[in-house]
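Asks: The following file, input24.cif, comprises mmCIF, C-alpha atoms and all ligand atoms:
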```
data_target
#
loop_
_atom_site.label_atom_id
_atom_site.label_comp_id
_atom_site.auth_asym_id
_atom_site.auth_seq_id
_atom_site.Cartn_x
_atom_site.Cartn_y
_atom_site.Cartn_z
CA MET G 1 0.00 0.00 0.00
CA LEU G 2 2.73 2.47 1.09
CA ARG G 3 4.91 1.21 -1.76
CA ARG G 4 2.14 1.92 -4.28
CA LEU G 5 1.61 5.41 -2.86
CA LEU G 6 5.33 6.22 -3.07
CA ILE G 7 5.56 4.93 -6.64
CA TYR G 8 2.49 7.04 -7.53
CA LEU G 9 4.18 10.09 -5.95
CA SER G 10 7.37 9.38 -7.93
CA LYS G 11 5.38 10.09 -11.13
CA ALA G 12 3.06 12.87 -9.91
CA LYS G 13 4.14 16.26 -11.27
CA TRP G 14 2.47 18.17 -8.41
CA ALA G 15 4.37 16.12 -5.80
CA GLN G 16 7.64 16.57 -7.68
CA GLN G 17 7.20 20.36 -7.77
CA LEU G 18 6.44 20.44 -4.06
CA ILE G 19 8.94 17.93 -2.66
CA SER G 20 11.96 18.87 -4.84
CA ARG G 21 11.86 22.34 -3.31
CA TRP G 22 12.29 21.04 0.25
CA GLY G 23 15.91 21.35 1.37
CA PHE G 24 15.61 18.35 3.69
CA ALA G 25 14.33 16.17 0.82
CA ARG G 26 17.38 17.16 -1.22
CA ARG G 27 19.66 16.32 1.73
CA ALA G 28 17.98 12.94 2.15
CA ALA G 29 18.25 12.23 -1.60
CA LEU G 30 22.01 12.77 -1.40
CA ARG G 31 22.29 9.47 0.42
CA PHE G 32 21.38 7.74 -2.86
CA VAL G 33 22.82 10.27 -5.32
CA ALA G 34 26.50 11.19 -5.72
CA GLY G 35 25.73 14.91 -6.05
CA GLU G 36 24.24 17.37 -8.50
CA GLN G 37 27.32 18.09 -10.65
CA LEU G 38 29.42 15.90 -12.95
CA SER G 39 32.46 16.75 -10.79
CA ASP G 40 30.64 15.20 -7.78
CA ALA G 41 30.10 12.02 -9.79
CA VAL G 42 33.76 11.89 -10.86
CA ARG G 43 34.82 12.24 -7.22
CA ALA G 44 32.42 9.47 -6.10
CA VAL G 45 33.62 7.08 -8.82
CA ASN G 46 37.25 7.75 -7.93
CA GLU G 47 36.45 6.75 -4.34
CA LEU G 48 34.75 3.54 -5.48
CA ASN G 49 37.58 2.71 -7.88
CA LYS G 50 40.09 3.03 -5.02
CA GLU G 51 38.21 0.18 -3.33
CA GLY G 52 38.39 -1.95 -6.47
CA ILE G 53 34.72 -1.26 -7.29
CA GLN G 54 33.62 -0.11 -10.75
CA ALA G 55 30.70 2.22 -11.45
CA SER G 56 27.90 2.83 -13.89
CA LEU G 57 27.14 6.53 -14.09
CA ASP G 58 23.56 7.66 -14.44
CA PHE G 59 22.95 11.29 -15.40
CA LEU G 60 19.53 11.61 -13.76
CA GLY G 61 16.59 12.48 -15.99
CA GLU G 62 13.63 10.68 -17.53
CA ASN G 63 10.36 11.21 -19.42
CA ASN G 64 11.60 14.14 -21.52
CA LYS G 65 8.78 15.39 -23.72
CA THR G 66 10.37 17.81 -26.20
CA GLU G 67 12.93 17.18 -28.91
CA ALA G 68 15.13 19.98 -27.55
CA GLU G 69 15.18 18.36 -24.08
CA THR G 70 16.16 15.00 -25.52
CA ARG G 71 18.97 16.49 -27.63
CA GLU G 72 20.24 18.48 -24.66
CA ALA G 73 20.21 15.33 -22.48
CA THR G 74 22.10 13.43 -25.20
CA SER G 75 24.78 16.14 -25.29
CA ARG G 76 25.13 15.92 -21.52
CA LEU G 77 25.45 12.14 -21.71
CA VAL G 78 28.20 12.52 -24.30
CA GLU G 79 29.97 14.87 -21.86
CA VAL G 80 29.73 12.15 -19.20
CA LEU G 81 31.39 9.68 -21.59
CA ASP G 82 34.18 12.20 -22.19
CA ALA G 83 34.62 12.73 -18.45
CA ILE G 84 34.89 8.97 -17.88
CA HIS G 85 37.55 8.80 -20.57
CA GLN G 86 39.51 11.91 -19.53
CA ASN G 87 39.55 10.94 -15.85
CA GLN G 88 40.34 7.30 -16.66
CA LEU G 89 37.47 6.16 -14.50
CA LYS G 90 36.60 2.50 -14.22
CA ALA G 91 33.02 3.25 -15.16
CA ASN G 92 30.42 2.81 -17.84
CA LEU G 93 27.15 4.62 -18.51
CA SER G 94 23.53 3.72 -17.78
CA VAL G 95 20.85 5.42 -19.89
CA LYS G 96 17.05 5.63 -19.73
CA LEU G 97 15.58 5.82 -23.22
CA SER G 98 12.74 8.08 -22.04
CA GLN G 99 15.44 10.67 -21.30
CA ILE G 100 16.50 10.71 -24.94
CA GLY G 101 13.20 10.63 -26.79
CA LEU G 102 11.41 7.27 -26.40
CA LEU G 103 8.17 8.97 -25.32
CA LEU G 104 8.30 11.27 -28.31
CA ASP G 105 9.49 9.46 -31.40
CA GLN G 106 11.27 6.15 -31.77
CA GLU G 107 13.44 7.42 -34.64
CA LEU G 108 14.62 10.46 -32.70
CA CYS G 109 15.42 8.21 -29.73
CA GLU G 110 17.41 5.84 -31.92
CA GLN G 111 19.40 8.73 -33.42
CA ASN G 112 20.23 9.98 -29.92
CA LEU G 113 21.12 6.49 -28.73
CA LEU G 114 23.45 5.88 -31.68
CA ARG G 115 25.15 9.24 -31.03
CA ILE G 116 25.82 8.05 -27.48
CA LEU G 117 26.98 4.60 -28.59
CA ASP G 118 29.33 6.08 -31.19
CA ARG G 119 31.04 8.34 -28.66
CA ALA G 120 31.11 5.51 -26.11
CA SER G 121 32.75 3.25 -28.63
CA GLU G 122 35.37 5.93 -29.52
CA ASN G 123 36.11 6.23 -25.80
CA GLY G 124 36.11 2.48 -25.16
CA ILE G 125 33.06 2.59 -22.89
CA PHE G 126 30.08 0.26 -22.47
CA VAL G 127 26.51 1.59 -22.26
CA ARG G 128 23.70 -0.12 -20.35
CA ILE G 129 20.10 0.65 -21.30
CA ASP G 130 18.01 0.81 -18.12
CA MET G 131 14.50 -0.65 -18.19
CA GLU G 132 11.57 1.59 -17.32
CA ASP G 133 7.86 0.83 -16.84
CA SER G 134 6.09 -1.82 -18.90
CA SER G 135 4.64 0.69 -21.39
CA LEU G 136 8.23 1.05 -22.68
CA THR G 137 9.52 -2.54 -22.45
CA GLU G 138 8.84 -3.61 -26.04
CA LYS G 139 10.10 -0.34 -27.55
CA THR G 140 13.24 -0.46 -25.40
CA ILE G 141 14.06 -4.03 -26.40
CA THR G 142 13.39 -3.21 -30.08
CA LEU G 143 15.85 -0.29 -30.06
CA PHE G 144 18.40 -2.44 -28.26
CA GLU G 145 18.02 -5.12 -30.96
CA HIS G 146 18.45 -2.49 -33.68
CA ALA G 147 21.73 -1.38 -32.09
CA LEU G 148 22.96 -4.99 -31.92
CA GLN G 149 21.91 -5.63 -35.52
CA LYS G 150 23.86 -2.53 -36.54
CA GLY G 151 26.94 -4.16 -35.01
CA TYR G 152 27.32 -2.23 -31.74
CA SER G 153 28.89 -4.56 -29.19
CA ASN G 154 29.30 -1.97 -26.42
CA VAL G 155 25.67 -2.02 -25.36
CA GLY G 156 23.59 -4.06 -22.92
CA ILE G 157 20.13 -3.98 -21.40
CA VAL G 158 18.20 -4.54 -18.18
CA LEU G 159 15.44 -7.14 -17.74
CA GLN G 160 12.99 -7.16 -14.83
CA ALA G 161 12.17 -10.39 -12.99
CA TYR G 162 8.71 -9.17 -11.93
CA LEU G 163 7.36 -9.16 -15.51
CA TYR G 164 5.83 -12.40 -16.83
CA ARG G 165 7.24 -11.64 -20.29
CA THR G 166 10.89 -11.57 -19.17
CA HIS G 167 11.48 -15.30 -19.61
CA ASP G 168 10.59 -14.94 -23.32
CA ASP G 169 12.60 -11.73 -23.66
CA LEU G 170 15.65 -13.51 -22.33
CA GLU G 171 15.31 -16.28 -24.92
CA ARG G 172 14.67 -13.67 -27.62
CA LEU G 173 17.95 -11.92 -26.79
CA ALA G 174 19.95 -15.14 -26.34
CA SER G 175 20.94 -15.40 -30.01
CA PHE G 176 22.83 -12.10 -29.65
CA ASN G 177 24.75 -13.23 -26.52
CA ALA G 178 23.28 -10.03 -25.12
CA ARG G 179 24.71 -8.48 -21.98
CA ILE G 180 21.90 -8.42 -19.44
CA ARG G 181 21.51 -6.88 -16.00
CA LEU G 182 18.81 -8.78 -14.12
CA VAL G 183 16.83 -6.77 -11.54
CA LYS G 184 13.49 -7.26 -9.79
CA GLY G 185 11.81 -4.14 -11.21
CA ALA G 186 11.04 -0.83 -9.54
CA TYR G 187 7.76 0.38 -11.10
CA LYS G 188 4.08 -0.09 -10.32
CA GLU G 189 2.77 -2.81 -12.61
CA PRO G 190 -0.67 -4.46 -12.84
CA ALA G 191 -1.16 -8.14 -11.91
CA GLU G 192 -1.90 -8.91 -15.61
CA LEU G 193 1.74 -8.08 -16.40
CA ALA G 194 3.79 -8.66 -13.26
CA TYR G 195 3.93 -11.10 -10.35
CA PRO G 196 2.02 -9.45 -7.54
CA SER G 197 3.79 -11.15 -4.62
CA MET G 198 7.40 -10.72 -3.52
CA ALA G 199 7.75 -14.52 -3.15
CA GLU G 200 6.89 -14.99 -6.83
CA VAL G 201 9.25 -12.18 -7.88
CA ASN G 202 12.05 -13.79 -5.83
CA ALA G 203 11.42 -17.20 -7.43
CA SER G 204 11.39 -15.64 -10.90
CA PHE G 205 14.66 -13.81 -10.14
CA ASP G 206 16.44 -17.04 -9.17
CA LYS G 207 15.11 -18.91 -12.21
CA LEU G 208 16.14 -16.15 -14.63
CA ALA G 209 19.57 -15.84 -12.99
CA GLU G 210 20.13 -19.56 -13.52
CA ARG G 211 19.08 -19.31 -17.17
CA LEU G 212 21.43 -16.34 -17.67
CA LEU G 213 24.32 -18.36 -16.27
CA GLN G 214 23.47 -21.26 -18.60
CA LEU G 215 23.42 -18.93 -21.61
CA SER G 216 26.72 -17.37 -20.60
CA LYS G 217 28.28 -20.81 -20.19
CA ALA G 218 26.95 -21.90 -23.58
CA ALA G 219 28.55 -18.78 -25.10
CA GLY G 220 31.91 -19.65 -23.51
CA PHE G 221 31.85 -16.88 -20.85
CA PRO G 222 32.71 -13.99 -23.19
CA SER G 223 33.83 -11.97 -20.14
CA GLU G 224 37.13 -13.79 -20.29
CA SER G 225 38.06 -12.08 -23.56
CA ALA G 226 40.75 -9.43 -23.50
CA ASP G 227 38.18 -6.84 -24.58
CA GLN G 228 38.00 -4.22 -21.84
CA ILE G 229 34.87 -2.58 -23.18
CA THR G 230 32.35 -5.32 -22.75
CA PRO G 231 31.53 -6.50 -19.25
CA PRO G 232 30.42 -10.09 -18.54
CA MET G 233 27.16 -11.25 -20.14
CA VAL G 234 25.59 -11.60 -16.71
CA ALA G 235 25.02 -8.75 -14.28
CA ILE G 236 23.06 -9.45 -11.12
CA GLY G 237 21.46 -6.22 -9.85
CA THR G 238 20.24 -6.75 -6.30
CA HIS G 239 21.02 -5.97 -2.65
CA ALA G 240 19.33 -9.12 -1.41
CA ALA G 241 21.99 -11.35 0.15
CA ARG G 242 19.80 -14.42 -0.44
CA HIS G 243 19.85 -13.93 -4.23
CA ILE G 244 23.57 -13.17 -4.25
CA GLU G 245 24.30 -16.31 -2.21
CA SER G 246 22.05 -18.37 -4.43
CA VAL G 247 23.80 -17.07 -7.60
CA ILE G 248 27.24 -17.79 -6.09
CA GLY G 249 26.00 -21.33 -5.26
CA MET G 250 24.82 -21.81 -8.85
CA MET G 251 28.14 -20.47 -10.17
CA ARG G 252 30.07 -23.05 -8.14
CA LYS G 253 27.78 -25.87 -9.25
CA MET G 254 27.95 -24.85 -12.91
CA GLN G 255 31.69 -24.06 -12.76
CA VAL G 256 31.21 -20.46 -13.75
CA PRO G 257 34.40 -18.47 -13.12
CA PRO G 258 34.04 -15.56 -10.66
CA ASN G 259 34.83 -12.97 -13.33
CA ALA G 260 31.97 -14.15 -15.56
CA VAL G 261 29.36 -12.40 -13.43
CA GLU G 262 29.19 -8.83 -12.25
CA PHE G 263 27.32 -8.00 -9.05
CA GLN G 264 25.71 -4.60 -9.26
CA LEU G 265 24.31 -2.52 -6.40
CA LEU G 266 23.01 1.01 -6.07
CA TYR G 267 25.03 3.92 -4.73
CA GLY G 268 24.51 4.38 -0.99
CA ILE G 269 22.84 0.99 -0.42
CA ARG G 270 24.49 -1.99 1.33
CA ARG G 271 28.03 -0.54 1.22
CA ASP G 272 29.08 -3.46 3.45
CA LEU G 273 27.93 -5.97 0.85
CA GLN G 274 29.58 -4.01 -2.00
CA GLN G 275 32.92 -4.12 -0.18
CA SER G 276 32.68 -7.71 0.98
CA LEU G 277 31.84 -9.03 -2.51
CA SER G 278 34.70 -7.04 -3.97
CA LYS G 279 37.09 -8.38 -1.32
CA GLN G 280 36.00 -11.94 -2.17
CA GLY G 281 37.17 -11.26 -5.75
CA TYR G 282 33.85 -10.84 -7.53
CA PRO G 283 33.51 -7.95 -9.98
CA VAL G 284 31.30 -5.31 -8.33
CA ARG G 285 29.78 -2.31 -10.06
CA VAL G 286 27.90 0.45 -8.27
CA TYR G 287 25.16 2.30 -10.13
CA THR G 288 26.00 5.92 -9.40
CA PRO G 289 23.40 8.56 -10.22
CA PHE G 290 24.05 12.28 -10.22
CA GLY G 291 22.29 15.46 -11.35
CA THR G 292 19.51 17.75 -10.29
CA HIS G 293 16.62 15.52 -11.46
CA TRP G 294 16.87 13.27 -8.43
CA TYR G 295 13.19 13.29 -7.43
CA PRO G 296 11.70 10.20 -9.22
CA TYR G 297 14.85 8.14 -8.57
CA PHE G 298 14.78 9.04 -4.88
CA MET G 299 11.07 8.24 -4.54
CA ARG G 300 11.58 4.80 -6.10
CA ARG G 301 14.32 4.12 -3.52
CA LEU G 302 11.89 5.08 -0.74
CA ALA G 303 9.23 2.82 -2.27
CA GLU G 304 11.59 -0.17 -2.30
CA ARG G 305 12.15 0.15 1.40
CA PRO G 306 9.54 2.18 3.22
CA ALA G 307 11.86 2.03 6.30
CA ASN G 308 13.85 4.67 4.39
CA LEU G 309 11.01 7.06 5.18
CA LYS G 310 12.30 7.21 8.78
CA PHE G 311 15.63 8.43 7.46
CA PHE G 312 13.82 10.97 5.24
CA LEU G 313 11.85 12.31 8.20
CA SER G 314 14.96 12.44 10.41
CA ASN G 315 16.44 14.86 7.86
CA TYR G 316 13.32 17.00 8.29
CA LEU G 317 13.73 17.01 12.07
CA LYS G 318 17.40 18.02 11.71
CA GLY G 319 16.03 21.12 9.89
P1 LIG B 1 14.93 -6.29 -2.02
O1 LIG B 1 13.87 -5.27 -2.31
O2 LIG B 1 14.56 -7.72 -1.99
O3 LIG B 1 15.64 -5.93 -0.66
C1 LIG B 1 16.70 -6.70 -0.13
C2 LIG B 1 17.51 -5.87 0.84
O4 LIG B 1 18.23 -4.87 0.11
C3 LIG B 1 16.67 -5.07 1.83
O5 LIG B 1 16.36 -5.85 2.96
C4 LIG B 1 17.60 -3.92 2.15
O6 LIG B 1 18.60 -4.34 3.07
C5 LIG B 1 18.27 -3.65 0.83
N1 LIG B 1 17.56 -2.63 0.04
C6 LIG B 1 16.85 -2.83 -1.10
N2 LIG B 1 16.40 -1.65 -1.57
C7 LIG B 1 16.79 -0.71 -0.71
C8 LIG B 1 16.63 0.70 -0.65
N3 LIG B 1 15.96 1.37 -1.58
N4 LIG B 1 17.17 1.38 0.40
C9 LIG B 1 17.88 0.71 1.35
N5 LIG B 1 18.08 -0.62 1.34
C10 LIG B 1 17.54 -1.33 0.33
N6 LIG B 1 14.87 -1.37 -11.62
C11 LIG B 1 14.25 -1.19 -12.82
O7 LIG B 1 13.03 -1.32 -12.88
N7 LIG B 1 14.98 -0.86 -13.92
C12 LIG B 1 16.33 -0.73 -13.90
O8 LIG B 1 16.94 -0.44 -14.92
C13 LIG B 1 17.00 -0.94 -12.66
N8 LIG B 1 18.35 -0.83 -12.55
C14 LIG B 1 18.98 -1.20 -11.38
C15 LIG B 1 20.37 -1.27 -11.32
C16 LIG B 1 21.00 -1.77 -10.18
C17 LIG B 1 22.50 -1.85 -10.14
C18 LIG B 1 20.22 -2.21 -9.08
C19 LIG B 1 20.86 -2.78 -7.85
C20 LIG B 1 18.85 -2.09 -9.12
C21 LIG B 1 18.21 -1.59 -10.24
N9 LIG B 1 16.83 -1.49 -10.31
C22 LIG B 1 16.22 -1.26 -11.53
C23 LIG B 1 16.03 -1.56 -9.06
C24 LIG B 1 15.50 -2.98 -8.82
O9 LIG B 1 14.50 -3.27 -9.74
C25 LIG B 1 14.90 -3.10 -7.39
O10 LIG B 1 13.81 -2.23 -7.26
C26 LIG B 1 15.88 -2.80 -6.27
O11 LIG B 1 17.15 -3.30 -6.54
C27 LIG B 1 15.38 -3.43 -4.94
O12 LIG B 1 15.34 -4.82 -5.03
P2 LIG B 1 16.51 -5.75 -4.41
O13 LIG B 1 16.54 -6.97 -5.22
O14 LIG B 1 17.77 -4.96 -4.38
O15 LIG B 1 16.19 -6.03 -2.96
#
```
Spit out the file's structure as structure tokens when you get a sec.
Replies:
Amino acid sequence: MLRRLLIYLSKAKWAQQLISRWGFARRAALRFVAGEQLSDAVRAVNELNKEGIQASLDFLGENNKTEAETREATSRLVEVLDAIHQNQLKANLSVKLSQIGLLLDQELCEQNLLRILDRASENGIFVRIDMEDSSLTEKTITLFEHALQKGYSNVGIVLQAYLYRTHDDLERLASFNARIRLVKGAYKEPAELAYPSMAEVNASFDKLAERLLQLSKAAGFPSESADQITPPMVAIGTHAARHIESVIGMMRKMQVPPNAVEFQLLYGIRRDLQQSLSKQGYPVRVYTPFGTHWYPYFMRRLAERPANLKFFLSNYLKG
């Protein structure tokens, strides 16, 4: 109930206008966001890199509705790629297609995406396409397939375990040896499209993770190539220790080498787990958002764990 309300608020324009103006909300958001400027993000990634942890930078922004906004966002994303290159960061880029035109025009979005992929490829950087709500799933996968068919190898996608369709999507992308980040899913979806209970989502996550490992094994664990640009085929995006343990168990059983899977967590969440996985020798990547459009991202983090509301309110009490 609270989760649904918070996800509703994450999309409500009126709530965004109100809450983004509150200084204490901004302070609370900074727990999950590296800062508002690109220089803040560079600093945060340098800190992570010192601990042997890689990053995926997310220049916050989504649901852009004019062509000018999408072109401006694309230019900013290209600047992020240049900053990664110039500062020699161990980082790649995550992108939401609604930031670069998916809500407006598929062709415009594709042009913007290819501009990003071209610069990423010049700079030797991988780009991960985030997955948004189910109204965009098919369009997002289609644009991803177009990029693969055009020969881009420095691009991957996210699939969400809560959607019934994901099993088929995984098989659909298997012929490309696609690089996939598996997550549970962070949006409000109807029971016709997504498992309504957490137990079912958890079971789906484990099943899909196992299938991803099988596909990666069948492809000969492409992570072991000398190519620095492309990360392993399998990225496990979760903070739930039970899933991580279960994936590590499957890896042992299936003789999957530790560098064939990347564990990915969000900035500011389960730092202990990030460090301990890295110390055990598993590749760890932290999704690191930055920018002024932190509101919807922050609200989704509150929705995932309503206990975070306590922390939000404590910032209010601190004034
Ligand atoms: P789960 O919800 O089962 O919680 C397990 C434990 O993790 C909790 O007990 C708590 O300790 C910790 N935890 C989880 N969320 C927390 C929070 N917000 N604050 C504090 N602690 C928390 N979604 C999507 O729809 N599209 C996408 O592209 C992505 N991309 C993405 C990238 C990466 C790297 C990650 C880790 C996650 C995403 N997600 C996402 C979000 C994902 O769908 C999901 O909503 C969250 O990861 C929460 O689910 P978990 O599996 O992490 O843990």
Asks: Using all atoms listed in the file, I'd like a table of the residues in chain G that come within 8 Å of ligand LIG 1 (chain B); for each, show the closest atom pair and its distance in Å rounded to one decimal, ordered by chain and ascending number, as JSON lines.
Replies:
```
{"residue": "G:Lys96", "atom": "CA", "partner": "B:LIG1", "partner_atom": "O8", "distance": 7.7}
{"residue": "G:Ile129", "atom": "CA", "partner": "B:LIG1", "partner_atom": "O8", "distance": 7.2}
{"residue": "G:Asp130", "atom": "CA", "partner": "B:LIG1", "partner_atom": "O8", "distance": 3.6}
{"residue": "G:Met131", "atom": "CA", "partner": "B:LIG1", "partner_atom": "O8", "distance": 4.1}
{"residue": "G:Glu132", "atom": "CA", "partner": "B:LIG1", "partner_atom": "N7", "distance": 5.4}
{"residue": "G:Asp133", "atom": "CA", "partner": "B:LIG1", "partner_atom": "O7", "distance": 6.9}
{"residue": "G:Val158", "atom": "CA", "partner": "B:LIG1", "partner_atom": "O8", "distance": 5.4}
{"residue": "G:Leu159", "atom": "CA", "partner": "B:LIG1", "partner_atom": "N7", "distance": 7.4}
{"residue": "G:Gln160", "atom": "CA", "partner": "B:LIG1", "partner_atom": "O7", "distance": 6.2}
{"residue": "G:Arg181", "atom": "CA", "partner": "B:LIG1", "partner_atom": "C15", "distance": 7.4}
{"residue": "G:Val183", "atom": "CA", "partner": "B:LIG1", "partner_atom": "O9", "distance": 4.6}
{"residue": "G:Lys184", "atom": "CA", "partner": "B:LIG1", "partner_atom": "O9", "distance": 4.1}
{"residue": "G:Gly185", "atom": "CA", "partner": "B:LIG1", "partner_atom": "O9", "distance": 3.2}
{"residue": "G:Ala186", "atom": "CA", "partner": "B:LIG1", "partner_atom": "O10", "distance": 3.9}
{"residue": "G:Tyr187", "atom": "CA", "partner": "B:LIG1", "partner_atom": "O7", "distance": 5.8}
{"residue": "G:Met198", "atom": "CA", "partner": "B:LIG1", "partner_atom": "O2", "distance": 7.9}
{"residue": "G:Asn202", "atom": "CA", "partner": "B:LIG1", "partner_atom": "O2", "distance": 7.6}
{"residue": "G:Ile236", "atom": "CA", "partner": "B:LIG1", "partner_atom": "C17", "distance": 7.7}
{"residue": "G:Gly237", "atom": "CA", "partner": "B:LIG1", "partner_atom": "C19", "distance": 4.0}
{"residue": "G:Thr238", "atom": "CA", "partner": "B:LIG1", "partner_atom": "O14", "distance": 3.6}
{"residue": "G:His239", "atom": "CA", "partner": "B:LIG1", "partner_atom": "O14", "distance": 3.8}
{"residue": "G:Ala240", "atom": "CA", "partner": "B:LIG1", "partner_atom": "C1", "distance": 3.8}
{"residue": "G:Ala241", "atom": "CA", "partner": "B:LIG1", "partner_atom": "C1", "distance": 7.0}
{"residue": "G:His243", "atom": "CA", "partner": "B:LIG1", "partner_atom": "O13", "distance": 7.8}
{"residue": "G:Phe263", "atom": "CA", "partner": "B:LIG1", "partner_atom": "C17", "distance": 7.9}
{"residue": "G:Gln264", "atom": "CA", "partner": "B:LIG1", "partner_atom": "C17", "distance": 4.3}
{"residue": "G:Leu265", "atom": "CA", "partner": "B:LIG1", "partner_atom": "C19", "distance": 3.8}
{"residue": "G:Leu266", "atom": "CA", "partner": "B:LIG1", "partner_atom": "C19", "distance": 4.7}
{"residue": "G:Gly268", "atom": "CA", "partner": "B:LIG1", "partner_atom": "C9", "distance": 7.9}
{"residue": "G:Ile269", "atom": "CA", "partner": "B:LIG1", "partner_atom": "C9", "distance": 5.3}
{"residue": "G:Arg270", "atom": "CA", "partner": "B:LIG1", "partner_atom": "C5", "distance": 6.5}
{"residue": "G:Arg285", "atom": "CA", "partner": "B:LIG1", "partner_atom": "C17", "distance": 7.3}
{"residue": "G:Val286", "atom": "CA", "partner": "B:LIG1", "partner_atom": "C17", "distance": 6.2}
{"residue": "G:Tyr287", "atom": "CA", "partner": "B:LIG1", "partner_atom": "C17", "distance": 4.9}
{"residue": "G:Arg300", "atom": "CA", "partner": "B:LIG1", "partner_atom": "N3", "distance": 7.2}
{"residue": "G:Arg301", "atom": "CA", "partner": "B:LIG1", "partner_atom": "N3", "distance": 3.7}
{"residue": "G:Leu302", "atom": "CA", "partner": "B:LIG1", "partner_atom": "N3", "distance": 5.6}
{"residue": "G:Ala303", "atom": "CA", "partner": "B:LIG1", "partner_atom": "N3", "distance": 6.9}
{"residue": "G:Glu304", "atom": "CA", "partner": "B:LIG1", "partner_atom": "N3", "distance": 4.7}
{"residue": "G:Arg305", "atom": "CA", "partner": "B:LIG1", "partner_atom": "C8", "distance": 5.0}
{"residue": "G:Ala307", "atom": "CA", "partner": "B:LIG1", "partner_atom": "C9", "distance": 7.9}
{"residue": "G:Asn308", "atom": "CA", "partner": "B:LIG1", "partner_atom": "N4", "distance": 6.1}
```
Asks: CA of Pro289 in chain G to CA of Ser135 in chain G: how many Å, to one decimal?
Replies: 23.2 Å
Asks: Smallest atom-to-atom distance to Gln54 in chain G: which of G:Ile84, G:Gly151, G:Asp169, G:Phe205, using all atoms listed in the file?
Replies: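 Going through G:Ile84, G:Gly151, G:Asp169, G:Phe205 one by one, the smallest distance to Gln54 in chain G is for G:Ile84.
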Asks: Identify which of the residues G:Ser98, G:Gln111, G:Ser153, G:Ser175 lies closest to Lys139 in chain G, counting only C-alpha atoms when measuring atom-to-atom distances.
Replies: G:Ser98
Asks: Work out how far CA of Asn177 in chain G is from CA of Ala147 in chain G, in Å to one decimal.
Replies: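 According to the coordinates, CA of Ala147 in chain G and CA of Asn177 in chain G are separated by 13.4 Å.
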Asks: For each of G:Val80, G:Ile116, G:Ala218, G:Val234, take the minimum atom-to-atom distance to Phe290 in chain G, counting only C-alpha atoms, then give the residue where this is smallest.
Replies: G:Val80
Asks: Interatomic distance between CA of Val256 in chain G and CA of Val201 in chain G?
Replies: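 Taking CA of Val256 in chain G and CA of Val201 in chain G, their separation equals 24.2 Å.
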Asks: Give me, as a list in words, all polymer residues having an atom no more than 9 Å from range 62-67 of chain G, counting all atoms listed in the file and skipping those fewer than 5 positions away in the same chain.
Replies: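 Here the qualifying residues turn out to be Glu72, Ala73, Lys96, Leu97, Ser98, Gln99, Ile100, Gly101, Leu102, Leu103, Leu104, Asp105, Leu108, His293 and Pro296 of chain G.
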Asks: Name the residues in contact with Ile19 in chain G at a cut-off of 12 Å, using all atoms listed in the file, excluding same-chain residues fewer than 2 positions from it; report them as a PyMOL selection string.
Replies: chain G and resi 9-10+12-17+21-29+293-296+298-299+312+316
Asks: Excluding Tyr164 in chain G and residues on its chain fewer than 3 positions from it, collect all residues at most 9 Å away from it, counting only C-alpha atoms, and give them as a list in words.
Replies: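 The contact residues come out as Ala161, His167, Asp168, Glu192, Leu193, Ala194, Tyr195 and Ser204 of chain G.
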Asks: Near Leu117 in chain G, counting only C-alpha atoms, which residues have an atom at most 9 Å away, once you skip same-chain residues fewer than 5 positions from it, shown as a list in words?
Replies: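 Here the answer would be Asn112, Glu122, Ile125, Phe126, Val127, Ala147, Tyr152, Asn154 and Val155 of chain G.
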Asks: Taking into account all atoms listed in the file, which residue in the set G:Leu60, G:Ile180, G:Ala91, G:Leu5 is nearest to Asn46 in chain G?
Replies: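 Between G:Leu60, G:Ile180, G:Ala91, G:Leu5, the residue approaching Asn46 in chain G most closely is G:Ala91.
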Asks: Which of these residues is nearest to Gly124 in chain G, using all atoms listed in the file: G:Leu2, G:Ala260, G:Leu81, G:Ile53?
Replies: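 Looking only at the distances to Gly124 in chain G, the closest residue turns out to be G:Leu81.
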Asks: For each of G:Asp82, G:Thr142, G:Arg128, G:Leu182, take the minimum atom-to-atom distance to Glu110 in chain G, counting all atoms listed in the file, then give the residue where this is smallest.
Replies: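 The shortest atom-to-atom distance to Glu110 in chain G comes from G:Thr142.
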Asks: List the neighbours of Glu145 in chain G out to 9 Å using all atoms listed in the file; skip same-chain residues closer than 5 positions along the sequence, and give me the result as a PyMOL selection string.
Replies: chain G and resi 140+150+173+176
